[in-house]
Amino acid sequence: QVQLVESGGGLVQPGGSLRLSCAASGSFLSINTMAWYRQAPGKLRELVARITSGSSTNYADSVKGRFTISRDSAKRTVYLQMNSLKPEDTAIYFCYVLTLGSVYWGQGTQVTVSS
């Protein structure tokens with residue numbers, strides 16, 4: 001059984017920061033890509049950022065320069081540092097893990113940016 005446990009979401013004012021964490025546990029093959037997706041009300045789920053096993057990263061244009069993804073492979077954990085948050089960043093953020101042959105999703109954590 002594989003579990004992804006996310007933490008760090010919450011309510012923050014525009015311009016503020018949050019750090020999301022996602023820890024993977026259970027029995028699975030080596031992790032390839034780890035990523036964060038988000039889904040706002042009435043919108044499709046979209047990729048926010050991803051990081052490969054070799055630490056190559058990709059970001060959505062809307063978050064470049066503001067968000068930073070990182071991972072601790074020994075802890076099987078991926079992080080998303082979110083700075084200069086905007087109201088349009090409000091969404092449920094989902095952790096994504098790709099192993100050899102399987103994809104896993106976290107349960108989601110709410111991020112709300114509002115004054």
# chains A, B, ... in the order shown; residues from 1 in each chain; ligands from 1
call {"tool": "closest_atom_pairs", "arguments": {"of": "region 31-107 of chain A", "to": "region 6-21 of chain A", "cutoff": "7 Å", "atoms": "only C-alpha atoms", "output": "Markdown table"}}
result
| residue | atom | partner | partner_atom | distance |
| --- | --- | --- | --- | --- |
| A:Thr77 | CA | A:Ser21 | CA | 6.9 |
| A:Val78 | CA | A:Ser21 | CA | 5.9 |
| A:Tyr79 | CA | A:Ser21 | CA | 4.5 |
| A:Leu80 | CA | A:Leu20 | CA | 5.0 |
| A:Gln81 | CA | A:Arg19 | CA | 4.5 |
| A:Met82 | CA | A:Leu18 | CA | 5.2 |
| A:Asn83 | CA | A:Ser17 | CA | 4.4 |
| A:Ser84 | CA | A:Gly15 | CA | 4.1 |
| A:Leu85 | CA | A:Gly15 | CA | 4.9 |
| A:Lys86 | CA | A:Pro14 | CA | 5.1 |
| A:Pro87 | CA | A:Pro14 | CA | 6.3 |
| A:Gly106 | CA | A:Glu6 | CA | 6.6 |
call {"tool": "residues_around", "arguments": {"residues": "Leu29 (chain A)", "least_positions_apart": "4", "cutoff": "10 Å", "atoms": "only C-alpha atoms", "output": "mmCIF file with N, CA, C and O atoms, in the first residue's frame"}}
result
data_model
loop_
_atom_site.group_PDB
_atom_site.id
_atom_site.type_symbol
_atom_site.label_atom_id
_atom_site.label_comp_id
_atom_site.auth_asym_id
_atom_site.auth_seq_id
_atom_site.Cartn_x
_atom_site.Cartn_y
_atom_site.Cartn_z
ATOM 1 N N LEU A 98 5.478 9.383 -9.685
ATOM 2 C CA LEU A 98 5.608 8.385 -10.750
ATOM 3 C C LEU A 98 6.756 7.437 -10.397
ATOM 4 O O LEU A 98 7.888 7.868 -10.204
ATOM 5 N N THR A 99 6.401 6.141 -10.271
ATOM 6 C CA THR A 99 7.431 5.139 -10.060
ATOM 7 C C THR A 99 7.546 4.303 -11.334
ATOM 8 O O THR A 99 6.933 4.637 -12.350
ATOM 9 N N LEU A 100 8.301 3.230 -11.265
ATOM 10 C CA LEU A 100 8.403 2.358 -12.435
ATOM 11 C C LEU A 100 7.077 1.629 -12.622
ATOM 12 O O LEU A 100 6.798 0.638 -11.967
ATOM 13 N N GLY A 101 6.251 2.154 -13.515
ATOM 14 C CA GLY A 101 5.014 1.479 -13.849
ATOM 15 C C GLY A 101 3.768 1.920 -13.125
ATOM 16 O O GLY A 101 2.673 1.445 -13.436
ATOM 17 N N SER A 102 3.881 2.839 -12.160
ATOM 18 C CA SER A 102 2.688 3.251 -11.424
ATOM 19 C C SER A 102 2.701 4.750 -11.159
ATOM 20 O O SER A 102 3.753 5.367 -11.040
#
call {"tool": "atom_distance", "arguments": {"atom1": "CA of Ser70 (chain A)", "atom2": "CA of Cys22 (chain A)"}}
result
10.7 Å
call {"tool": "residues_around", "arguments": {"residues": "Arg45 (chain A)", "least_positions_apart": "3", "cutoff": "10 Å", "atoms": "only C-alpha atoms", "output": "number ranges by chain"}}
result
A: 37-42, 48, 91-94
call {"tool": "select_by_dssp", "arguments": {"residues": "region 22-90 of chain A", "states": "helix (DSSP H, G or I)", "output": "list in words"}}
result
Asp61, Ser62, Val63, Ser73, Ala74, Lys75, Pro87, Glu88 and Asp89 of chain A
call {"tool": "write_last_selection", "arguments": {"atoms": "all heavy atoms", "output": "compact mmCIF listing (two decimals), in the first residue's frame"}}
result
# COMPACT_ATOMS: atom_id res chain seq x y z
N ASP A 61 4.12 28.35 -16.58
CA ASP A 61 4.52 29.73 -16.80
C ASP A 61 3.97 30.65 -15.72
O ASP A 61 4.62 31.63 -15.33
CB ASP A 61 4.03 30.21 -18.18
CG ASP A 61 4.82 29.59 -19.32
OD1 ASP A 61 5.93 29.07 -19.08
OD2 ASP A 61 4.32 29.62 -20.46
N SER A 62 2.79 30.34 -15.24
CA SER A 62 2.13 31.21 -14.27
C SER A 62 2.82 31.25 -12.90
O SER A 62 2.54 32.14 -12.10
CB SER A 62 0.67 30.77 -14.08
OG SER A 62 0.61 29.44 -13.62
N VAL A 63 3.70 30.29 -12.64
CA VAL A 63 4.35 30.26 -11.33
C VAL A 63 5.86 30.43 -11.40
O VAL A 63 6.53 30.48 -10.36
CB VAL A 63 4.03 28.94 -10.57
CG1 VAL A 63 2.53 28.72 -10.50
CG2 VAL A 63 4.73 27.75 -11.20
N SER A 73 15.16 12.75 -1.74
CA SER A 73 14.93 11.38 -2.18
C SER A 73 15.05 10.39 -1.02
O SER A 73 14.32 9.39 -0.98
CB SER A 73 15.91 11.01 -3.29
OG SER A 73 15.67 11.80 -4.43
N ALA A 74 15.95 10.65 -0.10
CA ALA A 74 16.11 9.75 1.04
C ALA A 74 14.84 9.70 1.88
O ALA A 74 14.49 8.66 2.43
CB ALA A 74 17.30 10.18 1.89
N LYS A 75 14.16 10.82 1.99
CA LYS A 75 12.92 10.89 2.76
C LYS A 75 11.69 10.66 1.90
O LYS A 75 10.56 10.70 2.40
CB LYS A 75 12.81 12.25 3.45
CG LYS A 75 13.87 12.51 4.50
CD LYS A 75 13.66 13.87 5.15
CE LYS A 75 14.71 14.12 6.23
NZ LYS A 75 14.54 15.46 6.86
N PRO A 87 -4.18 35.70 -5.61
CA PRO A 87 -5.51 35.08 -5.48
C PRO A 87 -5.75 33.97 -6.51
O PRO A 87 -6.43 32.98 -6.21
CB PRO A 87 -6.47 36.25 -5.68
CG PRO A 87 -5.69 37.44 -5.19
CD PRO A 87 -4.27 37.17 -5.61
N GLU A 88 -5.19 34.13 -7.69
CA GLU A 88 -5.39 33.10 -8.73
C GLU A 88 -4.61 31.82 -8.46
O GLU A 88 -4.77 30.85 -9.19
CB GLU A 88 -5.01 33.66 -10.12
CG GLU A 88 -3.65 34.32 -10.19
CD GLU A 88 -3.73 35.83 -10.04
OE1 GLU A 88 -4.49 36.32 -9.16
OE2 GLU A 88 -3.02 36.52 -10.81
N ASP A 89 -3.80 31.80 -7.43
CA ASP A 89 -3.15 30.56 -7.01
C ASP A 89 -4.06 29.71 -6.14
O ASP A 89 -3.72 28.58 -5.79
CB ASP A 89 -1.86 30.86 -6.24
CG ASP A 89 -0.80 31.53 -7.10
OD1 ASP A 89 -0.63 31.11 -8.25
OD2 ASP A 89 -0.16 32.47 -6.61
call {"tool": "atom_distance", "arguments": {"atom1": "CA of Ser53 (chain A)", "atom2": "CA of Ile69 (chain A)"}}
result
12.5 Å
call {"tool": "select_by_dssp", "arguments": {"residues": "chain A", "states": "strand (DSSP E or B)", "output": "PyMOL selection string"}}
result
chain A and resi 3-7+10-12+18-25+31-39+46-51+57-59+67-72+77-82+91-99+103-105+109-113
call {"tool": "decode", "arguments": {"residues": "region 6-24 of chain A", "atoms": "N, CA, C and O atoms", "output": "PDB file, in the first residue's frame"}}
result
ATOM      1  N   GLU A   6       0.141  14.798   2.305  1.00  0.00           N
ATOM      2  CA  GLU A   6       0.447  16.190   2.015  1.00  0.00           C
ATOM      3  C   GLU A   6       0.197  17.051   3.243  1.00  0.00           C
ATOM      4  O   GLU A   6      -0.666  16.754   4.064  1.00  0.00           O
ATOM      5  N   SER A   7       0.934  18.140   3.330  1.00  0.00           N
ATOM      6  CA  SER A   7       0.727  19.088   4.421  1.00  0.00           C
ATOM      7  C   SER A   7       1.195  20.466   3.975  1.00  0.00           C
ATOM      8  O   SER A   7       1.915  20.583   2.972  1.00  0.00           O
ATOM      9  N   GLY A   8       0.768  21.490   4.721  1.00  0.00           N
ATOM     10  CA  GLY A   8       1.269  22.826   4.472  1.00  0.00           C
ATOM     11  C   GLY A   8       0.294  23.794   3.834  1.00  0.00           C
ATOM     12  O   GLY A   8       0.602  24.975   3.686  1.00  0.00           O
ATOM     13  N   GLY A   9      -0.856  23.311   3.427  1.00  0.00           N
ATOM     14  CA  GLY A   9      -1.836  24.220   2.832  1.00  0.00           C
ATOM     15  C   GLY A   9      -2.457  25.125   3.884  1.00  0.00           C
ATOM     16  O   GLY A   9      -2.221  24.986   5.080  1.00  0.00           O
ATOM     17  N   GLY A  10      -3.263  26.087   3.418  1.00  0.00           N
ATOM     18  CA  GLY A  10      -3.933  26.977   4.350  1.00  0.00           C
ATOM     19  C   GLY A  10      -4.358  28.263   3.695  1.00  0.00           C
ATOM     20  O   GLY A  10      -4.380  28.385   2.464  1.00  0.00           O
ATOM     21  N   LEU A  11      -4.696  29.227   4.538  1.00  0.00           N
ATOM     22  CA  LEU A  11      -5.130  30.550   4.089  1.00  0.00           C
ATOM     23  C   LEU A  11      -3.971  31.532   4.249  1.00  0.00           C
ATOM     24  O   LEU A  11      -3.348  31.587   5.319  1.00  0.00           O
ATOM     25  N   VAL A  12      -3.712  32.304   3.200  1.00  0.00           N
ATOM     26  CA  VAL A  12      -2.622  33.272   3.236  1.00  0.00           C
ATOM     27  C   VAL A  12      -3.048  34.517   2.476  1.00  0.00           C
ATOM     28  O   VAL A  12      -3.859  34.432   1.540  1.00  0.00           O
ATOM     29  N   GLN A  13      -2.519  35.646   2.886  1.00  0.00           N
ATOM     30  CA  GLN A  13      -2.834  36.895   2.195  1.00  0.00           C
ATOM     31  C   GLN A  13      -2.036  37.013   0.904  1.00  0.00           C
ATOM     32  O   GLN A  13      -0.954  36.410   0.775  1.00  0.00           O
ATOM     33  N   PRO A  14      -2.535  37.780  -0.050  1.00  0.00           N
ATOM     34  CA  PRO A  14      -1.759  38.010  -1.280  1.00  0.00           C
ATOM     35  C   PRO A  14      -0.367  38.538  -0.950  1.00  0.00           C
ATOM     36  O   PRO A  14      -0.210  39.388  -0.073  1.00  0.00           O
ATOM     37  N   GLY A  15       0.625  37.999  -1.665  1.00  0.00           N
ATOM     38  CA  GLY A  15       2.003  38.359  -1.402  1.00  0.00           C
ATOM     39  C   GLY A  15       2.683  37.484  -0.379  1.00  0.00           C
ATOM     40  O   GLY A  15       3.912  37.561  -0.207  1.00  0.00           O
ATOM     41  N   GLY A  16       1.917  36.641   0.280  1.00  0.00           N
ATOM     42  CA  GLY A  16       2.474  35.768   1.309  1.00  0.00           C
ATOM     43  C   GLY A  16       3.094  34.509   0.739  1.00  0.00           C
ATOM     44  O   GLY A  16       3.182  34.325  -0.479  1.00  0.00           O
ATOM     45  N   SER A  17       3.540  33.630   1.655  1.00  0.00           N
ATOM     46  CA  SER A  17       4.228  32.409   1.271  1.00  0.00           C
ATOM     47  C   SER A  17       3.644  31.204   1.996  1.00  0.00           C
ATOM     48  O   SER A  17       3.118  31.326   3.110  1.00  0.00           O
ATOM     49  N   LEU A  18       3.759  30.066   1.350  1.00  0.00           N
ATOM     50  CA  LEU A  18       3.422  28.782   1.951  1.00  0.00           C
ATOM     51  C   LEU A  18       4.405  27.748   1.435  1.00  0.00           C
ATOM     52  O   LEU A  18       4.946  27.888   0.324  1.00  0.00           O
ATOM     53  N   ARG A  19       4.603  26.701   2.231  1.00  0.00           N
ATOM     54  CA  ARG A  19       5.436  25.589   1.801  1.00  0.00           C
ATOM     55  C   ARG A  19       4.647  24.299   1.937  1.00  0.00           C
ATOM     56  O   ARG A  19       4.216  23.947   3.036  1.00  0.00           O
ATOM     57  N   LEU A  20       4.447  23.625   0.806  1.00  0.00           N
ATOM     58  CA  LEU A  20       3.757  22.347   0.799  1.00  0.00           C
ATOM     59  C   LEU A  20       4.778  21.210   0.882  1.00  0.00           C
ATOM     60  O   LEU A  20       5.867  21.305   0.312  1.00  0.00           O
ATOM     61  N   SER A  21       4.376  20.151   1.558  1.00  0.00           N
ATOM     62  CA  SER A  21       5.201  18.947   1.648  1.00  0.00           C
ATOM     63  C   SER A  21       4.360  17.738   1.280  1.00  0.00           C
ATOM     64  O   SER A  21       3.156  17.713   1.543  1.00  0.00           O
ATOM     65  N   CYS A  22       5.002  16.744   0.711  1.00  0.00           N
ATOM     66  CA  CYS A  22       4.328  15.487   0.378  1.00  0.00           C
ATOM     67  C   CYS A  22       5.303  14.360   0.629  1.00  0.00           C
ATOM     68  O   CYS A  22       6.344  14.274  -0.024  1.00  0.00           O
ATOM     69  N   ALA A  23       4.959  13.500   1.589  1.00  0.00           N
ATOM     70  CA  ALA A  23       5.807  12.379   1.939  1.00  0.00           C
ATOM     71  C   ALA A  23       5.181  11.076   1.447  1.00  0.00           C
ATOM     72  O   ALA A  23       4.009  10.812   1.711  1.00  0.00           O
ATOM     73  N   ALA A  24       5.980  10.299   0.754  1.00  0.00           N
ATOM     74  CA  ALA A  24       5.521   9.010   0.233  1.00  0.00           C
ATOM     75  C   ALA A  24       5.966   7.887   1.148  1.00  0.00           C
ATOM     76  O   ALA A  24       7.121   7.854   1.590  1.00  0.00           O
TER      77      ALA A  24
END
